[in-house]
file upload.pdb (PDB, C-alpha atoms)
ATOM      1  CA  MET A  29     117.329  89.751 121.527
ATOM      2  CA  VAL A  30     113.554  89.958 121.393
ATOM      3  CA  VAL A  31     111.078  88.761 118.793
ATOM      4  CA  VAL A  32     109.546  91.815 117.138
ATOM      5  CA  TRP A  33     108.110  90.632 113.827
ATOM      6  CA  ASP A  34     105.933  87.527 113.953
ATOM      7  CA  TRP A  35     106.441  84.957 111.191
ATOM      8  CA  PRO A  36     103.211  85.655 109.253
ATOM      9  CA  LEU A  37     104.213  89.318 109.050
ATOM     10  CA  ARG A  38     107.694  88.426 107.773
ATOM     11  CA  LEU A  39     106.283  86.022 105.217
ATOM     12  CA  PHE A  40     103.817  88.720 104.188
ATOM     13  CA  HIS A  41     106.574  91.288 103.820
ATOM     14  CA  TRP A  42     108.836  89.226 101.580
ATOM     15  CA  THR A  43     106.124  87.705  99.391
ATOM     16  CA  LEU A  44     104.691  91.212  98.936
ATOM     17  CA  ALA A  45     108.124  92.547  97.991
ATOM     18  CA  ALA A  46     108.651  89.703  95.504
ATOM     19  CA  SER A  47     105.156  90.014  93.978
ATOM     20  CA  VAL A  48     105.458  93.791  93.578
ATOM     21  CA  LEU A  49     108.832  93.404  91.857
ATOM     22  CA  VAL A  50     107.500  90.707  89.532
ATOM     23  CA  ALA A  51     104.460  92.853  88.702
ATOM     24  CA  TRP A  52     106.687  95.858  88.026
ATOM     25  CA  PHE A  53     108.723  94.061  85.384
ATOM     26  CA  THR A  54     105.920  92.196  83.594
ATOM     27  CA  PRO A  55     103.168  94.571  82.363
ATOM     28  CA  ASN A  56     101.969  94.190  78.750
ATOM     29  CA  ILE A  57     104.600  91.634  77.790
ATOM     30  CA  TYR A  58     103.967  88.879  80.340
ATOM     31  CA  ASP A  59     100.284  89.482  80.896
ATOM     32  CA  THR A  60      99.495  86.289  82.791
ATOM     33  CA  VAL A  61     102.447  86.606  85.160
ATOM     34  CA  HIS A  62     101.548  90.268  85.724
ATOM     35  CA  ARG A  63      97.995  89.351  86.644
ATOM     36  CA  ILE A  64      98.944  86.529  89.004
ATOM     37  CA  ALA A  65     101.409  88.873  90.730
ATOM     38  CA  GLY A  66      98.726  91.567  91.020
ATOM     39  CA  TYR A  67      96.124  89.235  92.484
ATOM     40  CA  THR A  68      98.730  87.931  94.908
ATOM     41  CA  VAL A  69      99.420  91.505  96.052
ATOM     42  CA  LEU A  70      95.688  92.087  96.511
ATOM     43  CA  GLY A  71      95.364  88.919  98.594
ATOM     44  CA  LEU A  72      98.377  89.888 100.690
ATOM     45  CA  ILE A  73      96.861  93.316 101.381
ATOM     46  CA  ALA A  74      93.661  91.623 102.555
ATOM     47  CA  PHE A  75      95.736  89.427 104.861
ATOM     48  CA  ARG A  76      97.593  92.467 106.197
ATOM     49  CA  LEU A  77      94.329  94.200 107.072
ATOM     50  CA  ILE A  78      93.267  91.176 109.117
ATOM     51  CA  TRP A  79      96.716  90.862 110.662
ATOM     52  CA  GLY A  80      96.588  94.534 111.660
ATOM     53  CA  PHE A  81      93.967  93.474 114.186
ATOM     54  CA  ALA A  82      94.729  89.807 114.811
ATOM     55  CA  GLY A  83      98.524  89.835 114.710
ATOM     56  CA  THR A  84     101.032  90.197 117.511
ATOM     57  CA  ARG A  85     101.904  93.556 119.070
ATOM     58  CA  TYR A  86     104.133  95.087 116.405
ATOM     59  CA  SER A  87     101.922  93.920 113.534
ATOM     60  CA  ARG A  88      98.875  95.707 114.831
ATOM     61  CA  PHE A  89      97.558  98.979 113.480
ATOM     62  CA  ARG A  90      96.676 100.285 116.921
ATOM     63  CA  SER A  91     100.113 101.777 117.462
ATOM     64  CA  PHE A  92     100.139 103.108 113.894
ATOM     65  CA  ILE A  93      97.682 105.929 114.508
ATOM     66  CA  ARG A  94      99.787 107.547 117.214
ATOM     67  CA  PHE A  95     102.843 107.129 115.014
ATOM     68  CA  LEU A  96     101.212 108.669 111.962
ATOM     69  CA  ARG A  97     100.764 111.884 113.921
ATOM     70  CA  ALA A  98     104.361 111.748 115.087
ATOM     71  CA  ALA A  99     105.766 111.125 111.584
ATOM     72  CA  PRO A 100     106.342 114.760 110.453
ATOM     73  CA  GLY A 101     108.163 115.607 113.691
ATOM     74  CA  PHE A 102     110.205 112.413 113.452
ATOM     75  CA  LEU A 103     111.293 113.180 109.874
ATOM     76  CA  TRP A 104     112.192 116.755 110.850
ATOM     77  CA  GLY A 105     114.310 115.430 113.707
ATOM     78  CA  LEU A 106     115.919 112.883 111.367
ATOM     79  CA  GLY A 107     116.885 115.697 108.996
ATOM     80  CA  HIS A 108     118.734 117.257 111.914
ATOM     81  CA  GLY A 109     120.433 114.000 112.837
ATOM     82  CA  ARG A 110     118.167 113.159 115.751
ATOM     83  CA  THR A 111     116.534 109.755 115.812
ATOM     84  CA  GLY A 112     114.928 107.721 118.508
ATOM     85  CA  ARG A 113     115.133 103.953 118.407
ATOM     86  CA  TYR A 114     111.877 102.107 118.048
ATOM     87  CA  LEU A 115     111.564  98.392 118.533
ATOM     88  CA  GLY A 116     108.772  98.133 115.978
ATOM     89  CA  LEU A 117     108.215 100.570 113.123
ATOM     90  CA  ASN A 118     109.343 104.141 113.726
ATOM     91  CA  PRO A 119     106.811 106.903 112.883
ATOM     92  CA  ALA A 120     108.167 107.308 109.349
ATOM     93  CA  GLY A 121     108.041 103.548 108.878
ATOM     94  CA  ALA A 122     104.421 103.422 109.998
ATOM     95  CA  ALA A 123     103.531 106.238 107.602
ATOM     96  CA  MET A 124     105.359 104.458 104.760
ATOM     97  CA  SER A 125     103.671 101.169 105.536
ATOM     98  CA  VAL A 126     100.178 102.655 105.459
ATOM     99  CA  THR A 127     100.872 104.740 102.323
ATOM    100  CA  LEU A 128     102.295 101.765 100.455
ATOM    101  CA  LEU A 129      99.384  99.526 101.410
ATOM    102  CA  VAL A 130      96.864 102.131 100.237
ATOM    103  CA  LEU A 131      98.745 102.767  96.976
ATOM    104  CA  LEU A 132      99.131  99.076  96.235
ATOM    105  CA  ALA A 133      95.428  98.579  96.904
ATOM    106  CA  ILE A 134      94.604 101.359  94.411
ATOM    107  CA  SER A 135      97.084  99.930  91.907
ATOM    108  CA  THR A 136      95.850  96.336  92.077
ATOM    109  CA  ILE A 137      92.142  97.182  92.124
ATOM    110  CA  SER A 138      92.476  99.572  89.151
ATOM    111  CA  GLY A 139      94.588  96.973  87.330
ATOM    112  CA  TRP A 140      91.917  94.373  87.882
ATOM    113  CA  MET A 141      89.207  96.829  86.731
ATOM    114  CA  GLN A 142      91.115  97.314  83.463
ATOM    115  CA  VAL A 143      90.425  93.733  82.459
ATOM    116  CA  THR A 144      86.728  93.761  83.273
ATOM    117  CA  VAL A 145      84.221  94.312  80.455
ATOM    118  CA  ARG A 146      82.782  97.269  82.371
ATOM    119  CA  PHE A 147      86.036  99.262  82.628
ATOM    120  CA  PHE A 148      88.094  97.941  79.693
ATOM    121  CA  GLY A 149      89.604 100.798  77.714
ATOM    122  CA  VAL A 150      88.400 103.462  80.147
ATOM    123  CA  ALA A 151      91.151 106.066  80.209
ATOM    124  CA  TRP A 152      90.964 107.147  83.857
ATOM    125  CA  VAL A 153      91.209 103.544  85.068
ATOM    126  CA  GLU A 154      94.305 103.026  82.931
ATOM    127  CA  ASP A 155      95.866 106.283  84.151
ATOM    128  CA  LEU A 156      95.037 105.504  87.770
ATOM    129  CA  HIS A 157      96.746 102.119  87.434
ATOM    130  CA  THR A 158      99.834 103.615  85.792
ATOM    131  CA  TYR A 159     100.301 106.504  88.199
ATOM    132  CA  SER A 160      99.516 104.603  91.406
ATOM    133  CA  SER A 161     101.951 101.856  90.330
ATOM    134  CA  ASP A 162     104.700 104.350  89.468
ATOM    135  CA  LEU A 163     104.212 106.176  92.763
ATOM    136  CA  ALA A 164     104.228 102.904  94.715
ATOM    137  CA  MET A 165     107.519 101.947  93.059
ATOM    138  CA  ILE A 166     109.070 105.325  93.893
ATOM    139  CA  LEU A 167     107.991 104.811  97.514
ATOM    140  CA  VAL A 168     109.484 101.307  97.500
ATOM    141  CA  VAL A 169     112.831 102.878  96.598
ATOM    142  CA  VAL A 170     112.413 105.502  99.338
ATOM    143  CA  HIS A 171     111.431 102.720 101.779
ATOM    144  CA  VAL A 172     114.576 100.714 101.021
ATOM    145  CA  LEU A 173     116.772 103.810 101.329
ATOM    146  CA  GLY A 174     115.029 104.754 104.583
ATOM    147  CA  VAL A 175     115.681 101.304 106.025
ATOM    148  CA  LEU A 176     119.333 101.400 104.935
ATOM    149  CA  THR A 177     119.713 104.857 106.493
ATOM    150  CA  MET A 178     118.282 103.612 109.796
ATOM    151  CA  CYS A 179     120.574 100.566 109.630
ATOM    152  CA  VAL A 180     123.566 102.898 109.588
ATOM    153  CA  LEU A 181     122.229 105.404 112.103
ATOM    154  CA  GLN A 182     121.283 102.742 114.631
ATOM    155  CA  ARG A 183     124.028 100.246 113.775
ATOM    156  CA  GLU A 184     121.502  97.481 113.455
ATOM    157  CA  ASN A 185     120.802  95.099 110.572
ATOM    158  CA  LEU A 186     117.106  95.775 110.011
ATOM    159  CA  VAL A 187     116.977  93.600 106.890
ATOM    160  CA  ARG A 188     118.092  90.602 108.952
ATOM    161  CA  ALA A 189     115.524  91.585 111.593
ATOM    162  CA  MET A 190     112.790  91.292 108.961
ATOM    163  CA  ILE A 191     114.095  87.798 108.124
ATOM    164  CA  THR A 192     114.672  86.410 111.630
ATOM    165  CA  GLY A 193     112.072  88.596 113.339
ATOM    166  CA  ARG A 194     114.516  89.389 116.154
ATOM    167  CA  LYS A 195     115.958  92.714 117.220
ATOM    168  CA  ARG A 196     118.255  93.901 119.983
ATOM    169  CA  ASP A 197     116.432  94.437 123.240
ATOM    170  CA  ARG A 198     115.942  97.962 124.534
ATOM    171  CA  GLY A 199     118.998  99.431 126.167
ATOM    172  CA  ASP A 200     121.556  96.977 124.722
TER     173      ASP A 200
ATOM    174  CA  MET B  20     125.058 111.949 109.385
ATOM    175  CA  LYS B  21     123.294 114.800 107.604
ATOM    176  CA  ALA B  22     125.486 114.182 104.581
ATOM    177  CA  LEU B  23     124.456 110.550 104.585
ATOM    178  CA  ILE B  24     120.776 111.439 104.657
ATOM    179  CA  LYS B  25     121.276 113.973 101.862
ATOM    180  CA  ALA B  26     123.217 111.428  99.817
ATOM    181  CA  SER B  27     120.485 108.830 100.160
ATOM    182  CA  MET B  28     117.907 111.427  99.181
ATOM    183  CA  VAL B  29     119.869 112.240  96.014
ATOM    184  CA  VAL B  30     120.188 108.546  95.174
ATOM    185  CA  GLY B  31     116.514 108.063  95.929
ATOM    186  CA  VAL B  32     115.340 110.850  93.683
ATOM    187  CA  SER B  33     117.565 109.758  90.785
ATOM    188  CA  LEU B  34     116.473 106.143  91.130
ATOM    189  CA  SER B  35     112.882 107.308  91.222
ATOM    190  CA  VAL B  36     113.277 109.376  88.093
ATOM    191  CA  PHE B  37     115.433 107.048  86.012
ATOM    192  CA  GLY B  38     114.696 103.657  87.522
ATOM    193  CA  ALA B  39     110.954 103.967  87.853
ATOM    194  CA  VAL B  40     110.246 104.739  84.209
ATOM    195  CA  PRO B  41     108.988 101.448  82.807
ATOM    196  CA  VAL B  42     110.708 101.539  79.422
ATOM    197  CA  TRP B  43     110.453  97.761  79.262
ATOM    198  CA  ALA B  44     106.703  97.922  79.758
ATOM    199  CA  ASP B  45     105.982  98.207  76.067
ATOM    200  CA  GLY B  46     103.969  95.678  74.209
ATOM    201  CA  PHE B  47     103.406  95.773  70.471
ATOM    202  CA  LYS B  48     104.271  99.193  69.049
ATOM    203  CA  ASP B  49     105.854  99.070  65.577
ATOM    204  CA  CYS B  50     103.376  99.386  62.725
ATOM    205  CA  THR B  51     104.776 101.884  60.235
ATOM    206  CA  LYS B  52     107.717 104.100  59.399
ATOM    207  CA  LEU B  53     105.501 106.634  57.694
ATOM    208  CA  ASP B  54     105.652 110.225  58.931
ATOM    209  CA  LYS B  55     102.903 111.056  61.378
ATOM    210  CA  ALA B  56     101.640 113.909  59.203
ATOM    211  CA  SER B  57     100.619 111.418  56.505
ATOM    212  CA  TRP B  58      98.777 109.035  58.847
ATOM    213  CA  LYS B  59      95.175 108.154  58.158
ATOM    214  CA  PRO B  60      92.789 109.278  60.908
ATOM    215  CA  ALA B  61      92.317 107.053  63.977
ATOM    216  CA  SER B  62      88.562 107.125  63.432
ATOM    217  CA  GLU B  63      89.076 104.954  60.346
ATOM    218  CA  ALA B  64      90.909 102.338  62.391
ATOM    219  CA  GLU B  65      88.031 102.383  64.874
ATOM    220  CA  ALA B  66      85.577 101.968  61.992
ATOM    221  CA  LYS B  67      87.505  98.938  60.717
ATOM    222  CA  ALA B  68      87.322  97.316  64.154
ATOM    223  CA  LYS B  69      83.603  98.038  64.291
ATOM    224  CA  SER B  70      83.101  96.414  60.916
ATOM    225  CA  LEU B  71      84.770  93.266  62.319
ATOM    226  CA  GLY B  72      82.090  93.172  64.995
ATOM    227  CA  TYR B  73      83.979  94.689  67.879
ATOM    228  CA  GLU B  74      82.364  97.119  70.269
ATOM    229  CA  VAL B  75      85.003  99.863  70.215
ATOM    230  CA  ARG B  76      85.773 101.428  73.565
ATOM    231  CA  ARG B  77      88.586 103.783  72.669
ATOM    232  CA  SER B  78      91.663 104.098  70.509
ATOM    233  CA  LYS B  79      95.044 105.612  71.162
ATOM    234  CA  ILE B  80      98.437 105.931  69.555
ATOM    235  CA  GLU B  81     100.862 103.267  70.768
ATOM    236  CA  GLY B  82     104.307 103.755  69.239
ATOM    237  CA  SER B  83     103.582 103.887  65.505
ATOM    238  CA  CYS B  84     100.286 102.001  65.809
ATOM    239  CA  TYR B  85      96.673 102.794  66.437
ATOM    240  CA  GLU B  86      95.635 100.662  69.365
ATOM    241  CA  VAL B  87      91.904 100.019  69.409
ATOM    242  CA  TYR B  88      90.206  98.628  72.523
ATOM    243  CA  GLY B  89      87.481  96.275  71.384
ATOM    244  CA  VAL B  90      84.980  94.028  73.139
ATOM    245  CA  LYS B  91      83.482  91.042  71.333
ATOM    246  CA  GLU B  92      81.169  88.453  72.896
ATOM    247  CA  GLY B  93      82.210  89.553  76.385
ATOM    248  CA  LYS B  94      85.921  89.151  75.598
ATOM    249  CA  LEU B  95      88.527  91.906  75.601
ATOM    250  CA  PHE B  96      90.863  92.601  72.695
ATOM    251  CA  GLU B  97      93.563  95.073  71.750
ATOM    252  CA  LEU B  98      93.741  95.593  67.989
ATOM    253  CA  PHE B  99      96.805  97.178  66.452
ATOM    254  CA  TYR B 100      96.338  98.956  63.129
ATOM    255  CA  SER B 101      98.934 100.523  60.882
ATOM    256  CA  PRO B 102      98.155 104.239  60.441
ATOM    257  CA  GLU B 103      99.699 103.932  56.962
ATOM    258  CA  ASP B 104      97.208 101.564  55.319
ATOM    259  CA  LEU B 105      94.938 100.591  58.242
ATOM    260  CA  SER B 106      96.011  96.972  57.973
ATOM    261  CA  LEU B 107      95.491  94.927  61.127
ATOM    262  CA  LYS B 108      98.974  94.147  62.452
ATOM    263  CA  LYS B 109      98.165  92.294  65.629
ATOM    264  CA  THR B 110      95.251  91.214  67.817
ATOM    265  CA  ILE B 111      95.907  90.596  71.500
ATOM    266  CA  ALA B 112      93.264  88.920  73.645
ATOM    267  CA  LYS B 113      93.336  90.375  77.152
TER     268      LYS B 113
END

call {"tool": "encode", "arguments": {"input": "upload.pdb", "output": "structure tokens"}}
result
Amino acid sequence: MVVVWDWPLRLFHWTLAASVLVAWFTPNIYDTVHRIAGYTVLGLIAFRLIWGFAGTRYSRFRSFIRFLRAAPGFLWGLGHGRTGRYLGLNPAGAAMSVTLLVLLAISTISGWMQVTVRFFGVAWVEDLHTYSSDLAMILVVVHVLGVLTMCVLQRENLVRAMITGRKRDRGD
Amino acid sequence: MKALIKASMVVGVSLSVFGAVPVWADGFKDCTKLDKASWKPASEAEAKAKSLGYEVRRSKIEGSCYEVYGVKEGKLFELFYSPEDLSLKKTIAK
């Protein structure tokens, strides 16, 4: 077994997941909770940007760029039952990670704008918040299904790996 | 293997369509049972908010209410008016 995900990344992942879920179920009715969850998400995104440069190997963005280019080919191969095993994120995972971070940034910033005097009641800000949040949630579902699919295909518990940080070494 | 991927895609799409619609995301929305054709115009609800000293940003229909976005002394409010008699049903400070 090797350590793949460092502990700050794991903590980031699960607090982000929890905050996004809380935010999803609380708009309009539980305003304060919704806001705290949103600001938490925004803070976590800021941390992730720093960690993309300062974190350990598999947390860094450097490998992401190569993977982003490889993502369409990887997905095509996956559709035909061909997958490679990646110790860190696979190309589709890297693409999902970046897309989700960008969408959540749009969602939280537009949500925050909605409660400023300058942008209160402005229709496009409201729409941007609604649609970016809906799209992010759809991608969360796709992300979970993608992870579960890879768990089966590679016979490896990736959820546990995101908790313990450890994965099977190459070649095992 | 292909079947599995297809199955998860089907589940994913249905979850996205049915699960991602925030039906629980409604706030205040019941103001009248009156038929929409007999509603008073939204501009009158906006005028009422203005007369209370709010700077009106916009109004929209929320359920059977007119929701007016108002700013007063740098604070944000959502005012819910009944389209039936333009009575103020609820004021929510944002």

call {"tool": "axis_aligned_box", "arguments": {"input": "upload.pdb", "around": "range 77-84 of chain A", "padding_each_side": "5 Å", "output": "JSON"}}
result
{"center_x": 97.1, "center_y": 92.2, "center_z": 112.3, "size_x": 17.8, "size_y": 14.7, "size_z": 20.4}

call {"tool": "closest_residue", "arguments": {"input": "upload.pdb", "among": "A:Ala45, A:Val126, A:Val32, A:Leu106", "to": "Thr84 in chain A", "atoms": "only C-alpha atoms"}}
result
A:Val32

call {"tool": "closest_residue", "arguments": {"input": "upload.pdb", "among": "B:Glu81, B:Val90, B:Gly46, B:Val75", "to": "Glu63 in chain B", "atoms": "all atoms listed in the file"}}
result
B:Val75

call {"tool": "closest_residue", "arguments": {"input": "upload.pdb", "among": "B:Gly72, B:Leu53, B:Leu107, B:Phe47", "to": "chain A", "atoms": "all atoms listed in the file"}}
result
B:Phe47

call {"tool": "atom_distance", "arguments": {"input": "upload.pdb", "atom1": "CA of Cys84 in chain B", "atom2": "CA of Lys69 in chain B"}}
result
17.2 Å

call {"tool": "residues_around", "arguments": {"input": "upload.pdb", "residues": "Ala65 in chain A", "least_positions_apart": "4", "cutoff": "7 Å", "atoms": "all atoms listed in the file", "output": "ChimeraX atom specification"}}
result
/A:47-48,50-51,61,69

call {"tool": "atom_distance", "arguments": {"input": "upload.pdb", "atom1": "CA of Gln142 in chain A", "atom2": "CA of Glu154 in chain A"}}
result
6.6 Å

call {"tool": "atom_distance", "arguments": {"input": "upload.pdb", "atom1": "CA of Gly89 in chain B", "atom2": "CA of Ile137 in chain A"}}
result
21.3 Å

call {"tool": "interface_residues", "arguments": {"input": "upload.pdb", "of": "chain A", "to": "chain B", "cutoff": "10 Å", "atoms": "all atoms listed in the file", "output": "mmCIF file with C-alpha atoms, keeping the file's coordinate frame"}}
result
data_model
loop_
_atom_site.group_PDB
_atom_site.id
_atom_site.type_symbol
_atom_site.label_atom_id
_atom_site.label_comp_id
_atom_site.auth_asym_id
_atom_site.auth_seq_id
_atom_site.Cartn_x
_atom_site.Cartn_y
_atom_site.Cartn_z
ATOM 1 C CA TRP A 52 106.687 95.858 88.026
ATOM 2 C CA PHE A 53 108.723 94.061 85.384
ATOM 3 C CA THR A 54 105.920 92.196 83.594
ATOM 4 C CA PRO A 55 103.168 94.571 82.363
ATOM 5 C CA ASN A 56 101.969 94.190 78.750
ATOM 6 C CA ILE A 57 104.600 91.634 77.790
ATOM 7 C CA TYR A 58 103.967 88.879 80.340
ATOM 8 C CA ASP A 59 100.284 89.482 80.896
ATOM 9 C CA THR A 60 99.495 86.289 82.791
ATOM 10 C CA LEU A 106 115.919 112.883 111.367
ATOM 11 C CA GLY A 107 116.885 115.697 108.996
ATOM 12 C CA HIS A 108 118.734 117.257 111.914
ATOM 13 C CA GLY A 109 120.433 114.000 112.837
ATOM 14 C CA ARG A 110 118.167 113.159 115.751
ATOM 15 C CA GLN A 142 91.115 97.314 83.463
ATOM 16 C CA VAL A 143 90.425 93.733 82.459
ATOM 17 C CA THR A 144 86.728 93.761 83.273
ATOM 18 C CA VAL A 145 84.221 94.312 80.455
ATOM 19 C CA ARG A 146 82.782 97.269 82.371
ATOM 20 C CA PHE A 147 86.036 99.262 82.628
ATOM 21 C CA PHE A 148 88.094 97.941 79.693
ATOM 22 C CA GLY A 149 89.604 100.798 77.714
ATOM 23 C CA VAL A 150 88.400 103.462 80.147
ATOM 24 C CA ALA A 151 91.151 106.066 80.209
ATOM 25 C CA THR A 158 99.834 103.615 85.792
ATOM 26 C CA SER A 161 101.951 101.856 90.330
ATOM 27 C CA ASP A 162 104.700 104.350 89.468
ATOM 28 C CA LEU A 163 104.212 106.176 92.763
ATOM 29 C CA ALA A 164 104.228 102.904 94.715
ATOM 30 C CA MET A 165 107.519 101.947 93.059
ATOM 31 C CA ILE A 166 109.070 105.325 93.893
ATOM 32 C CA LEU A 167 107.991 104.811 97.514
ATOM 33 C CA VAL A 168 109.484 101.307 97.500
ATOM 34 C CA VAL A 169 112.831 102.878 96.598
ATOM 35 C CA VAL A 170 112.413 105.502 99.338
ATOM 36 C CA HIS A 171 111.431 102.720 101.779
ATOM 37 C CA VAL A 172 114.576 100.714 101.021
ATOM 38 C CA LEU A 173 116.772 103.810 101.329
ATOM 39 C CA GLY A 174 115.029 104.754 104.583
ATOM 40 C CA LEU A 176 119.333 101.400 104.935
ATOM 41 C CA THR A 177 119.713 104.857 106.493
ATOM 42 C CA MET A 178 118.282 103.612 109.796
ATOM 43 C CA VAL A 180 123.566 102.898 109.588
ATOM 44 C CA LEU A 181 122.229 105.404 112.103
#
